[in-house]
$ cat entry18.cif   # mmCIF, C-alpha atoms
data_my_file
#
loop_
_atom_site.label_atom_id
_atom_site.label_comp_id
_atom_site.auth_asym_id
_atom_site.auth_seq_id
_atom_site.Cartn_x
_atom_site.Cartn_y
_atom_site.Cartn_z
CA MET S 120 -9.34 87.11 9.64
CA LEU S 121 -6.57 85.05 8.07
CA GLU S 122 -5.90 86.19 4.51
CA LEU S 123 -4.15 82.99 3.44
CA LEU S 124 -7.23 81.03 4.50
CA GLU S 125 -9.69 83.34 2.73
CA ARG S 126 -7.65 83.04 -0.45
CA ARG S 127 -7.66 79.27 -0.14
CA ILE S 128 -11.42 79.21 0.37
CA ARG S 129 -11.94 81.42 -2.72
CA GLU S 130 -9.68 79.18 -4.80
CA ASP S 131 -10.52 75.65 -3.65
CA ALA S 132 -13.80 75.54 -1.74
CA GLU S 133 -16.93 74.40 -3.48
CA VAL S 134 -20.30 76.00 -2.76
CA ILE S 135 -23.26 73.62 -2.97
CA GLY S 136 -26.68 75.24 -2.91
CA THR S 137 -26.98 78.22 -0.56
CA ASP S 138 -25.38 76.89 2.60
CA VAL S 139 -23.00 73.96 2.02
CA LEU S 140 -19.31 74.77 1.69
CA LYS S 141 -17.09 71.84 0.74
CA VAL S 142 -13.49 72.24 1.88
CA ASP S 143 -12.55 68.60 1.25
CA MET S 144 -9.60 69.73 -0.82
CA PHE S 145 -7.57 71.26 2.04
CA LEU S 146 -9.33 70.84 5.39
CA ASN S 147 -11.82 67.99 5.71
CA HIS S 148 -10.62 65.03 3.69
CA GLN S 149 -7.35 66.07 2.14
CA ILE S 150 -5.51 68.25 4.69
CA ASP S 151 -2.95 70.92 3.82
CA VAL S 152 -0.74 70.79 6.91
CA GLN S 153 1.13 73.94 5.94
CA LEU S 154 -2.17 75.83 6.01
CA LEU S 155 -2.91 74.20 9.38
CA GLY S 156 0.43 75.59 10.57
CA ALA S 157 -0.69 79.12 9.69
CA ILE S 158 -4.08 78.49 11.33
CA GLY S 159 -2.49 77.16 14.52
CA LYS S 160 -0.09 80.10 14.67
CA GLU S 161 -3.01 82.54 14.37
CA PHE S 162 -5.00 80.81 17.13
CA PHE S 163 -1.87 81.03 19.28
CA ARG S 164 -1.55 84.76 18.56
CA LEU S 165 -5.18 85.27 19.61
CA TYR S 166 -5.03 83.15 22.77
CA ALA S 167 -1.33 83.41 23.71
CA ASP S 168 -2.08 85.25 26.97
CA ALA S 169 -5.05 83.08 27.96
CA ASP S 170 -2.99 80.48 29.85
CA ILE S 171 -4.55 77.51 28.02
CA SER S 172 -3.94 74.09 29.62
CA LYS S 173 -5.67 71.87 27.07
CA ILE S 174 -7.29 71.98 23.64
CA LEU S 175 -10.66 70.28 23.17
CA THR S 176 -12.13 69.28 19.82
CA VAL S 177 -14.44 66.66 18.35
CA GLU S 178 -13.62 63.87 15.92
CA ALA S 179 -12.88 63.63 13.06
CA SER S 180 -12.09 66.80 11.16
CA GLY S 181 -11.22 68.84 14.27
CA ILE S 182 -8.35 66.56 15.27
CA GLY S 183 -5.71 67.64 12.77
CA ILE S 184 -6.36 71.34 13.37
CA ALA S 185 -6.31 70.84 17.14
CA CYS S 186 -3.05 68.83 17.12
CA ILE S 187 -1.13 71.33 15.01
CA THR S 188 -2.53 74.25 17.05
CA ALA S 189 -1.57 72.47 20.30
CA GLN S 190 2.08 72.41 19.21
CA PHE S 191 2.17 76.21 19.52
CA PHE S 192 0.64 76.14 23.01
CA SER S 193 2.65 73.06 24.17
CA VAL S 194 -0.50 71.51 25.62
CA PRO S 195 -2.31 68.20 25.02
CA VAL S 196 -5.38 67.73 22.84
CA VAL S 197 -8.51 65.90 23.96
CA PHE S 198 -11.04 64.94 21.32
CA ALA S 199 -14.67 64.15 22.04
CA LYS S 200 -15.80 60.87 20.53
CA LYS S 201 -18.99 60.58 18.53
CA GLY S 202 -21.57 57.85 18.85
CA CYS S 203 -21.20 57.51 22.62
CA ASN S 204 -23.90 55.95 24.70
CA ARG S 205 -25.37 58.11 27.46
CA ASN S 206 -25.89 54.98 29.54
CA ILE S 207 -22.26 53.99 29.46
CA GLY S 208 -21.86 54.89 33.12
CA THR S 209 -20.35 57.79 34.99
CA ASP S 210 -16.91 57.76 33.41
CA LEU S 211 -17.85 60.13 30.56
CA PHE S 212 -19.04 63.70 30.21
CA THR S 213 -21.62 63.53 27.41
CA SER S 214 -23.72 65.95 25.39
CA GLU S 215 -26.18 65.60 22.54
CA VAL S 216 -25.29 67.18 19.20
CA PHE S 217 -27.72 67.59 16.35
CA SER S 218 -26.27 67.53 12.84
CA PHE S 219 -28.32 69.65 10.48
CA THR S 220 -26.30 68.32 7.54
CA LYS S 221 -27.20 64.73 8.33
CA GLY S 222 -30.55 65.34 10.06
CA THR S 223 -29.56 63.09 12.96
CA SER S 224 -28.45 63.64 16.53
CA SER S 225 -25.61 61.85 18.27
CA ILE S 226 -24.00 61.80 21.68
CA ILE S 227 -20.44 63.09 21.99
CA GLY S 228 -18.38 62.08 25.02
CA VAL S 229 -15.12 62.84 26.82
CA SER S 230 -13.60 60.70 29.55
CA ARG S 231 -13.77 62.34 32.99
CA LYS S 232 -10.08 61.52 33.35
CA TYR S 233 -9.02 64.12 30.83
CA LEU S 234 -10.94 67.26 31.85
CA ASN S 235 -11.08 68.72 35.33
CA ALA S 236 -11.59 71.90 37.34
CA ASN S 237 -7.90 72.87 37.05
CA ASP S 238 -8.10 73.05 33.26
CA ASN S 239 -8.44 76.16 31.15
CA ILE S 240 -9.83 75.01 27.82
CA LEU S 241 -9.55 76.29 24.28
CA ILE S 242 -12.11 74.62 22.00
CA ILE S 243 -11.02 74.22 18.36
CA ASP S 244 -13.26 73.20 15.48
CA ASP S 245 -13.35 73.44 11.70
CA PHE S 246 -16.83 74.94 11.21
CA LEU S 247 -19.31 77.04 13.14
CA ALA S 248 -22.78 77.29 11.60
CA THR S 249 -25.82 76.47 13.73
CA GLY S 250 -23.50 76.07 16.72
CA SER S 251 -24.70 72.62 17.67
CA ALA S 252 -21.26 70.96 17.94
CA LEU S 253 -19.73 73.94 19.74
CA ILE S 254 -22.63 74.11 22.21
CA GLY S 255 -22.10 70.40 22.95
CA LEU S 256 -18.39 70.94 23.59
CA ILE S 257 -19.10 73.98 25.81
CA ASP S 258 -21.61 71.86 27.74
CA ILE S 259 -18.92 69.22 28.34
CA VAL S 260 -16.43 71.86 29.56
CA ARG S 261 -19.07 73.22 31.99
CA GLN S 262 -19.79 69.73 33.33
CA SER S 263 -16.09 69.17 34.01
CA GLY S 264 -15.80 72.35 36.07
CA ALA S 265 -12.94 73.56 33.85
CA LYS S 266 -12.62 77.19 32.82
CA LEU S 267 -13.41 77.96 29.20
CA ALA S 268 -10.99 80.44 27.64
CA GLY S 269 -12.89 80.47 24.37
CA ALA S 270 -13.24 78.86 20.98
CA GLY S 271 -11.15 78.99 17.83
CA ILE S 272 -13.05 78.28 14.63
CA VAL S 273 -11.54 77.96 11.17
CA ILE S 274 -14.63 78.87 9.12
CA GLU S 275 -17.77 80.52 10.49
CA LYS S 276 -20.93 80.76 8.44
CA GLY S 277 -21.91 84.22 9.64
CA PHE S 278 -25.31 83.93 8.00
CA GLN S 279 -26.26 81.13 10.40
CA PRO S 280 -27.11 81.89 14.03
CA GLY S 281 -24.55 79.84 16.00
CA GLY S 282 -21.79 82.42 16.33
CA ARG S 283 -24.06 85.24 17.47
CA LEU S 284 -25.90 83.06 20.00
CA ILE S 285 -22.73 81.68 21.55
CA ARG S 286 -21.01 85.09 21.73
CA GLU S 287 -24.15 86.56 23.35
CA SER S 288 -23.93 83.83 25.99
CA GLY S 289 -20.56 85.30 26.98
CA VAL S 290 -18.19 82.86 25.30
CA ARG S 291 -15.24 84.29 23.38
CA VAL S 292 -15.33 82.98 19.79
CA GLU S 293 -12.53 83.75 17.32
CA SER S 294 -13.18 82.72 13.71
CA LEU S 295 -10.40 82.94 11.15
CA ALA S 296 -12.76 83.32 8.20
CA VAL S 297 -16.35 84.52 8.45
CA ILE S 298 -18.59 83.99 5.45
CA LYS S 299 -21.35 86.57 5.21
CA SER S 300 -23.08 84.98 2.28
CA MET S 301 -22.52 82.50 -0.50
CA ASP S 302 -25.66 83.02 -2.52
CA GLY S 303 -25.30 82.11 -6.15
CA GLY S 304 -22.00 80.38 -5.40
CA SER S 305 -20.00 83.57 -4.81
CA ILE S 306 -18.47 83.75 -1.37
CA ILE S 307 -18.59 87.09 0.45
CA PHE S 308 -16.48 87.40 3.59
CA GLY S 309 -17.54 89.79 6.31
CA MET W 1036 11.96 51.17 18.03
CA LEU W 1037 11.35 54.52 19.70
CA GLU W 1038 12.49 54.44 23.31
CA LEU W 1039 10.44 57.47 24.37
CA LEU W 1040 7.31 55.71 23.11
CA GLU W 1041 8.10 52.40 24.81
CA ARG W 1042 8.64 54.23 28.09
CA ARG W 1043 5.32 56.04 27.66
CA ILE W 1044 3.53 52.75 26.95
CA ARG W 1045 5.07 51.17 30.06
CA GLU W 1046 4.05 54.14 32.21
CA ASP W 1047 0.62 55.11 30.91
CA ALA W 1048 -0.92 52.33 28.84
CA GLU W 1049 -3.49 50.04 30.37
CA VAL W 1050 -3.62 46.33 29.55
CA ILE W 1051 -7.11 44.85 29.54
CA GLY W 1052 -7.31 41.06 29.33
CA THR W 1053 -4.71 39.45 27.09
CA ASP W 1054 -4.97 41.58 23.98
CA VAL W 1055 -6.45 45.05 24.58
CA LEU W 1056 -4.02 47.92 25.11
CA LYS W 1057 -5.61 51.24 26.08
CA VAL W 1058 -3.52 54.26 25.13
CA ASP W 1059 -6.31 56.79 25.69
CA MET W 1060 -4.04 58.79 27.95
CA PHE W 1061 -1.59 59.93 25.24
CA LEU W 1062 -2.62 58.69 21.78
CA ASN W 1063 -6.29 57.84 21.26
CA HIS W 1064 -8.43 60.26 23.23
CA GLN W 1065 -6.05 62.61 24.98
CA ILE W 1066 -3.13 63.27 22.60
CA ASP W 1067 0.39 64.22 23.67
CA VAL W 1068 1.46 66.34 20.71
CA GLN W 1069 5.08 66.46 21.87
CA LEU W 1070 5.18 62.66 21.70
CA LEU W 1071 3.57 62.88 18.23
CA GLY W 1072 6.42 65.22 17.27
CA ALA W 1073 8.97 62.53 18.20
CA ILE W 1074 6.90 59.90 16.37
CA GLY W 1075 6.64 62.03 13.22
CA LYS W 1076 10.37 62.75 13.29
CA GLU W 1077 11.12 59.03 13.50
CA PHE W 1078 8.79 58.18 10.60
CA PHE W 1079 10.57 60.88 8.63
CA ARG W 1080 13.98 59.39 9.47
CA LEU W 1081 12.76 55.98 8.26
CA TYR W 1082 11.13 57.21 5.04
CA ALA W 1083 13.17 60.36 4.28
CA ASP W 1084 14.59 58.90 1.06
CA ALA W 1085 11.32 57.36 -0.13
CA ASP W 1086 10.09 60.48 -1.99
CA ILE W 1087 6.65 60.45 -0.34
CA SER W 1088 4.00 62.65 -2.01
CA LYS W 1089 1.10 62.08 0.37
CA ILE W 1090 0.27 60.49 3.72
CA LEU W 1091 -2.84 58.32 3.95
CA THR W 1092 -4.57 57.40 7.21
CA VAL W 1093 -8.05 56.55 8.47
CA GLU W 1094 -10.24 58.53 10.84
CA ALA W 1095 -10.24 59.21 13.71
CA SER W 1096 -7.17 58.37 15.77
CA GLY W 1097 -4.81 58.24 12.79
CA ILE W 1098 -5.42 61.88 11.84
CA GLY W 1099 -3.35 63.62 14.52
CA ILE W 1100 -0.37 61.32 14.00
CA ALA W 1101 -0.60 61.71 10.22
CA CYS W 1102 -0.84 65.53 10.35
CA ILE W 1103 2.16 65.97 12.62
CA THR W 1104 4.17 63.43 10.61
CA ALA W 1105 3.21 65.21 7.37
CA GLN W 1106 4.83 68.43 8.64
CA PHE W 1107 8.24 66.72 8.45
CA PHE W 1108 7.63 65.52 4.89
CA SER W 1109 5.93 68.77 3.72
CA VAL W 1110 3.15 66.78 2.07
CA PRO W 1111 -0.65 66.73 2.48
CA VAL W 1112 -2.62 64.17 4.47
CA VAL W 1113 -5.64 62.30 3.15
CA PHE W 1114 -7.81 60.46 5.63
CA ALA W 1115 -10.18 57.64 4.70
CA LYS W 1116 -13.68 58.15 6.05
CA LYS W 1117 -15.54 55.41 7.86
CA GLY W 1118 -19.14 54.42 7.33
CA CYS W 1119 -19.09 55.02 3.58
CA ASN W 1120 -21.60 53.45 1.31
CA ARG W 1121 -20.27 51.21 -1.45
CA ASN W 1122 -23.13 52.27 -3.68
CA ILE W 1123 -22.36 55.97 -3.47
CA GLY W 1124 -21.16 55.97 -7.07
CA THR W 1125 -17.81 56.05 -8.73
CA ASP W 1126 -16.29 59.02 -6.97
CA LEU W 1127 -14.78 56.98 -4.10
CA PHE W 1128 -12.21 54.25 -3.70
CA THR W 1129 -13.71 51.97 -1.03
CA SER W 1130 -12.67 48.92 0.95
CA GLU W 1131 -14.28 46.83 3.66
CA VAL W 1132 -12.63 46.78 7.09
CA PHE W 1133 -13.57 44.36 9.82
CA SER W 1134 -13.12 45.57 13.39
CA PHE W 1135 -12.34 42.66 15.71
CA THR W 1136 -12.72 44.97 18.73
CA LYS W 1137 -16.27 45.89 17.76
CA GLY W 1138 -17.20 42.70 15.88
CA THR W 1139 -18.57 44.72 12.97
CA SER W 1140 -17.40 45.57 9.48
CA SER W 1141 -17.54 48.96 7.82
CA ILE W 1142 -16.65 50.52 4.51
CA ILE W 1143 -13.83 53.06 4.41
CA GLY W 1144 -13.59 55.44 1.47
CA VAL W 1145 -11.30 58.00 -0.14
CA SER W 1146 -12.34 60.44 -2.86
CA ARG W 1147 -10.79 59.62 -6.23
CA LYS W 1148 -9.77 63.26 -6.45
CA TYR W 1149 -7.10 62.90 -3.78
CA LEU W 1150 -5.17 59.76 -4.80
CA ASN W 1151 -3.78 59.04 -8.24
CA ALA W 1152 -1.12 57.18 -10.20
CA ASN W 1153 1.45 59.94 -9.68
CA ASP W 1154 1.32 59.59 -5.90
CA ASN W 1155 3.80 57.75 -3.71
CA ILE W 1156 1.96 56.97 -0.49
CA LEU W 1157 3.04 56.51 3.10
CA ILE W 1158 0.25 54.97 5.19
CA ILE W 1159 0.22 56.01 8.86
CA ASP W 1160 -1.88 54.43 11.61
CA ASP W 1161 -1.89 54.12 15.37
CA PHE W 1162 -2.23 50.32 15.73
CA LEU W 1163 -1.45 47.20 13.74
CA ALA W 1164 -2.94 43.98 15.11
CA THR W 1165 -4.97 41.75 12.80
CA GLY W 1166 -4.10 44.09 9.94
CA SER W 1167 -7.66 44.68 8.82
CA ALA W 1168 -7.48 48.50 8.66
CA LEU W 1169 -4.04 48.51 7.04
CA ILE W 1170 -5.13 45.93 4.43
CA GLY W 1171 -8.12 48.17 3.61
CA LEU W 1172 -5.86 51.21 3.18
CA ILE W 1173 -3.40 49.22 1.02
CA ASP W 1174 -6.36 48.06 -1.11
CA ILE W 1175 -7.38 51.71 -1.65
CA VAL W 1176 -3.82 52.69 -2.66
CA ARG W 1177 -3.74 49.79 -5.17
CA GLN W 1178 -7.11 50.86 -6.66
CA SER W 1179 -5.80 54.40 -7.17
CA GLY W 1180 -2.77 53.21 -9.10
CA ALA W 1181 -0.47 55.09 -6.72
CA LYS W 1182 2.83 53.62 -5.56
CA LEU W 1183 2.95 52.46 -1.96
CA ALA W 1184 6.20 53.37 -0.20
CA GLY W 1185 5.16 51.58 2.98
CA ALA W 1186 3.40 51.95 6.29
CA GLY W 1187 4.35 53.63 9.55
CA ILE W 1188 2.66 52.19 12.62
CA VAL W 1189 2.91 53.57 16.13
CA ILE W 1190 2.17 50.35 18.05
CA GLU W 1191 2.22 46.85 16.58
CA LYS W 1192 0.85 43.89 18.46
CA GLY W 1193 3.50 41.43 17.33
CA PHE W 1194 1.55 38.51 18.79
CA GLN W 1195 -1.23 39.08 16.26
CA PRO W 1196 -0.78 38.07 12.61
CA GLY W 1197 -1.29 41.37 10.70
CA GLY W 1198 2.30 42.60 10.61
CA ARG W 1199 3.78 39.29 9.45
CA LEU W 1200 1.13 38.77 6.75
CA ILE W 1201 1.48 42.27 5.32
CA ARG W 1202 5.30 42.18 5.33
CA GLU W 1203 5.20 38.76 3.60
CA SER W 1204 3.03 40.31 0.90
CA GLY W 1205 5.97 42.61 0.12
CA VAL W 1206 4.83 45.82 1.84
CA ARG W 1207 7.38 47.70 3.96
CA VAL W 1208 5.99 48.13 7.50
CA GLU W 1209 7.85 50.16 10.12
CA SER W 1210 6.47 49.95 13.65
CA LEU W 1211 7.84 52.23 16.36
CA ALA W 1212 6.92 49.88 19.21
CA VAL W 1213 6.30 46.16 18.79
CA ILE W 1214 4.63 44.33 21.67
CA LYS W 1215 5.63 40.67 21.84
CA SER W 1216 3.25 39.82 24.64
CA MET W 1217 1.18 41.41 27.39
CA ASP W 1218 0.08 38.30 29.25
CA GLY W 1219 -0.74 38.96 32.87
CA GLY W 1220 -0.69 42.69 32.23
CA SER W 1221 3.08 42.98 31.83
CA ILE W 1222 4.14 44.35 28.47
CA ILE W 1223 7.11 42.72 26.75
CA PHE W 1224 8.52 44.53 23.73
CA GLY W 1225 10.26 42.54 21.03
#

$ encode --input "entry18.cif" --output "structure tokens"
Amino acid sequence: MLELLERRIREDAEVIGTDVLKVDMFLNHQIDVQLLGAIGKEFFRLYADADISKILTVEASGIGIACITAQFFSVPVVFAKKGCNRNIGTDLFTSEVFSFTKGTSSIIGVSRKYLNANDNILIIDDFLATGSALIGLIDIVRQSGAKLAGAGIVIEKGFQPGGRLIRESGVRVESLAVIKSMDGGSIIFG
Amino acid sequence: MLELLERRIREDAEVIGTDVLKVDMFLNHQIDVQLLGAIGKEFFRLYADADISKILTVEASGIGIACITAQFFSVPVVFAKKGCNRNIGTDLFTSEVFSFTKGTSSIIGVSRKYLNANDNILIIDDFLATGSALIGLIDIVRQSGAKLAGAGIVIEKGFQPGGRLIRESGVRVESLAVIKSMDGGSIIFG
């Protein structure tokens, strides 16, 4: 739980309907890099002893968070690309990700050159809700033979099933802000 | 001219044909955040007196560079989103960008909330070749009424016309590595 982040969500996030949280103002379109500094520092505190060799994320909104976090760990970032073609050959690890926001699925891919069995991966992403993107990234780590140290998520929608499912599968997931509900536009952290 | 970057390009970039330079290893897919630190510091040295209020880039590969550069300036980043719809209404500044690599054009967009006449913008991007992406970003800055301090480019293909055209139009463009030619796979900086 990162208090600075919760405060920022209360002040600047916009709730749309019962389950859309717009954080365009500081995380997803305009980016407050000072806030990212605090986020990266907190991920480092949580995973400092995990011997991370690489940070994995997915384009686009994960990249800034991953890069600033990676500065604390002194490791490279690899970002999965969207809109890959499964038939592109054997040079990519790929996985299918369904976007509930957009109602479409797409293939994410990472070059085989940049993940291997000697790696110990920390996955970083902005949101965890249904878990679809995170499950895709975990799938790619498994395919590469790398170890998975865990995931670091900025905002988890605790009222959606992704976090519980993924933790039950044995993956360590650390979320810096967990939203228990946002019914009626008022955000309750939990 | 950033020597560390030139050395990295010589060692790890891959020349394909006469005009494609793959920097997947350290900039575009896997990201060396220490190198980005040196890049950001150099952009800051070049634009330290320019009174920048915001850094503008375009997803996806510009985001990491922009975020790490923004730490030196203590300003926010705004990234233009790809695949926008021109008809989405009046809440976006949009511009059309043609990708010569892909042979397709797409609309990039920035919310009107995050650029305005009080801003003084530094545009950051990974590549400058034909200039299409940079011209689109400049167009968006003009629409917003913001001042444009200039652009910071990591790698400019000096043998393509974008850099010359944009400088002749009066925009300050600082490129950290300028490639004069890469015929036969050997990279000549200039």

$ closest_residue --input "entry18.cif" --among "S:Asp143, S:Asp258, S:Glu215, S:Glu178" --to "S:Lys200" --atoms "all atoms listed in the file"
S:Glu178

$ closest_atom_pairs --input "entry18.cif" --of "chain W" --to "chain S" --cutoff "7 Å" --atoms "all atoms listed in the file" --output "tab-separated table"
residue	atom	partner	partner_atom	distance
W:His1064	CA	S:Val197	CA	5.7
W:Gln1065	CA	S:Val197	CA	4.2
W:Ile1066	CA	S:Val196	CA	5.0
W:Asp1067	CA	S:Pro195	CA	5.0
W:Val1068	CA	S:Pro195	CA	6.0
W:Glu1094	CA	S:Ala179	CA	6.2
W:Ala1095	CA	S:Ala179	CA	5.2
W:Ile1098	CA	S:Gly183	CA	5.8
W:Gly1099	CA	S:Gly183	CA	5.0
W:Cys1102	CA	S:Gly183	CA	5.8
W:Ile1103	CA	S:Ile187	CA	6.7
W:Ala1105	CA	S:Val152	CA	6.9
W:Gln1106	CA	S:Val152	CA	6.3
W:Pro1111	CA	S:Asp151	CA	5.0
W:Val1112	CA	S:Ile150	CA	5.0
W:Val1113	CA	S:Gln149	CA	4.3
W:Phe1114	CA	S:His148	CA	5.7
W:Tyr1149	CA	S:Gln149	CA	6.7

$ residues_around --input "entry18.cif" --residues "W:Val1208" --least-positions-apart "5" --cutoff "7 Å" --atoms "all atoms listed in the file" --output "short mmCIF file (atom, residue, chain, number, x, y, z; two decimals) with C-alpha atoms, in the frame of the given file"
data_model
loop_
_atom_site.label_atom_id
_atom_site.label_comp_id
_atom_site.auth_asym_id
_atom_site.auth_seq_id
_atom_site.Cartn_x
_atom_site.Cartn_y
_atom_site.Cartn_z
CA GLY W 1185 5.16 51.58 2.98
CA ALA W 1186 3.40 51.95 6.29
CA GLY W 1187 4.35 53.63 9.55
CA ARG W 1202 5.30 42.18 5.33
#

$ resolve_selection --input "entry18.cif" --expression "the PyMOL selection byres ((chain S and resi 260) around 12)" --output "VMD selection string"
chain S and resid 173 to 176 197 199 211 to 214 228 to 231 233 to 242 253 to 259 261 to 270 290

$ atom_distance --input "entry18.cif" --atom1 "atom CA of W:Ser1167" --atom2 "atom CA of W:Ile1143"
11.3 Å

$ atom_distance --input "entry18.cif" --atom1 "atom CA of S:Asp244" --atom2 "atom CA of S:Ile272"
5.2 Å

$ resolve_selection --input "entry18.cif" --expression "the PyMOL selection byres ((chain S and resi 138) around 10)" --output "CSV table (one decimal) with C-alpha atoms, keeping the file's coordinate frame"
chain,number,residue,atom,x,y,z
S,134,VAL,CA,-20.3,76.0,-2.8
S,135,ILE,CA,-23.3,73.6,-3.0
S,136,GLY,CA,-26.7,75.2,-2.9
S,137,THR,CA,-27.0,78.2,-0.6
S,139,VAL,CA,-23.0,74.0,2.0
S,140,LEU,CA,-19.3,74.8,1.7
S,141,LYS,CA,-17.1,71.8,0.7
S,220,THR,CA,-26.3,68.3,7.5
S,248,ALA,CA,-22.8,77.3,11.6
S,276,LYS,CA,-20.9,80.8,8.4
S,278,PHE,CA,-25.3,83.9,8.0
S,279,GLN,CA,-26.3,81.1,10.4
S,300,SER,CA,-23.1,85.0,2.3
S,301,MET,CA,-22.5,82.5,-0.5
S,302,ASP,CA,-25.7,83.0,-2.5
S,304,GLY,CA,-22.0,80.4,-5.4

$ resolve_selection --input "entry18.cif" --expression "the PyMOL selection byres ((chain W and resi 1212) around 6)" --output "list in words"
Met1036, Ile1190, Ser1210, Leu1211 and Val1213 of chain W

$ build_atoms --input "entry18.cif" --residues "stretch 151-165 of chain S" --atoms "N, CA, C and O atoms" --output "PDB file, in the coordinates of the input"
ATOM      1  N   ASP S 151      -4.173  70.178   4.095  1.00  0.00           N
ATOM      2  CA  ASP S 151      -2.950  70.920   3.820  1.00  0.00           C
ATOM      3  C   ASP S 151      -2.328  71.298   5.176  1.00  0.00           C
ATOM      4  O   ASP S 151      -2.781  72.229   5.843  1.00  0.00           O
ATOM      5  N   VAL S 152      -1.288  70.576   5.562  1.00  0.00           N
ATOM      6  CA  VAL S 152      -0.740  70.790   6.910  1.00  0.00           C
ATOM      7  C   VAL S 152       0.033  72.101   7.019  1.00  0.00           C
ATOM      8  O   VAL S 152       0.176  72.644   8.124  1.00  0.00           O
ATOM      9  N   GLN S 153       0.486  72.621   5.891  1.00  0.00           N
ATOM     10  CA  GLN S 153       1.130  73.940   5.940  1.00  0.00           C
ATOM     11  C   GLN S 153       0.097  75.017   6.282  1.00  0.00           C
ATOM     12  O   GLN S 153       0.365  75.915   7.078  1.00  0.00           O
ATOM     13  N   LEU S 154      -1.079  74.906   5.669  1.00  0.00           N
ATOM     14  CA  LEU S 154      -2.170  75.830   6.010  1.00  0.00           C
ATOM     15  C   LEU S 154      -2.550  75.671   7.485  1.00  0.00           C
ATOM     16  O   LEU S 154      -2.755  76.657   8.195  1.00  0.00           O
ATOM     17  N   LEU S 155      -2.610  74.414   7.958  1.00  0.00           N
ATOM     18  CA  LEU S 155      -2.910  74.200   9.380  1.00  0.00           C
ATOM     19  C   LEU S 155      -1.861  74.881  10.268  1.00  0.00           C
ATOM     20  O   LEU S 155      -2.183  75.384  11.344  1.00  0.00           O
ATOM     21  N   GLY S 156      -0.627  74.896   9.814  1.00  0.00           N
ATOM     22  CA  GLY S 156       0.430  75.590  10.570  1.00  0.00           C
ATOM     23  C   GLY S 156       0.109  77.070  10.727  1.00  0.00           C
ATOM     24  O   GLY S 156       0.223  77.634  11.822  1.00  0.00           O
ATOM     25  N   ALA S 157      -0.332  77.694   9.637  1.00  0.00           N
ATOM     26  CA  ALA S 157      -0.690  79.120   9.690  1.00  0.00           C
ATOM     27  C   ALA S 157      -1.923  79.336  10.572  1.00  0.00           C
ATOM     28  O   ALA S 157      -2.002  80.321  11.325  1.00  0.00           O
ATOM     29  N   ILE S 158      -2.858  78.419  10.511  1.00  0.00           N
ATOM     30  CA  ILE S 158      -4.080  78.490  11.330  1.00  0.00           C
ATOM     31  C   ILE S 158      -3.718  78.354  12.816  1.00  0.00           C
ATOM     32  O   ILE S 158      -4.171  79.140  13.658  1.00  0.00           O
ATOM     33  N   GLY S 159      -2.885  77.378  13.136  1.00  0.00           N
ATOM     34  CA  GLY S 159      -2.490  77.160  14.520  1.00  0.00           C
ATOM     35  C   GLY S 159      -1.736  78.360  15.087  1.00  0.00           C
ATOM     36  O   GLY S 159      -1.955  78.768  16.234  1.00  0.00           O
ATOM     37  N   LYS S 160      -0.877  78.938  14.259  1.00  0.00           N
ATOM     38  CA  LYS S 160      -0.090  80.100  14.670  1.00  0.00           C
ATOM     39  C   LYS S 160      -1.022  81.287  14.991  1.00  0.00           C
ATOM     40  O   LYS S 160      -0.799  82.032  15.947  1.00  0.00           O
ATOM     41  N   GLU S 161      -2.061  81.441  14.168  1.00  0.00           N
ATOM     42  CA  GLU S 161      -3.010  82.540  14.370  1.00  0.00           C
ATOM     43  C   GLU S 161      -3.849  82.321  15.638  1.00  0.00           C
ATOM     44  O   GLU S 161      -4.064  83.255  16.415  1.00  0.00           O
ATOM     45  N   PHE S 162      -4.276  81.086  15.883  1.00  0.00           N
ATOM     46  CA  PHE S 162      -5.000  80.810  17.130  1.00  0.00           C
ATOM     47  C   PHE S 162      -4.090  81.092  18.331  1.00  0.00           C
ATOM     48  O   PHE S 162      -4.539  81.597  19.357  1.00  0.00           O
ATOM     49  N   PHE S 163      -2.807  80.770  18.184  1.00  0.00           N
ATOM     50  CA  PHE S 163      -1.870  81.030  19.280  1.00  0.00           C
ATOM     51  C   PHE S 163      -1.717  82.527  19.507  1.00  0.00           C
ATOM     52  O   PHE S 163      -1.692  82.998  20.646  1.00  0.00           O
ATOM     53  N   ARG S 164      -1.649  83.305  18.423  1.00  0.00           N
ATOM     54  CA  ARG S 164      -1.550  84.760  18.560  1.00  0.00           C
ATOM     55  C   ARG S 164      -2.769  85.288  19.326  1.00  0.00           C
ATOM     56  O   ARG S 164      -2.644  86.106  20.241  1.00  0.00           O
ATOM     57  N   LEU S 165      -3.944  84.776  18.991  1.00  0.00           N
ATOM     58  CA  LEU S 165      -5.180  85.270  19.610  1.00  0.00           C
ATOM     59  C   LEU S 165      -5.306  84.869  21.074  1.00  0.00           C
ATOM     60  O   LEU S 165      -5.861  85.606  21.887  1.00  0.00           O
TER      61      LEU S 165
END
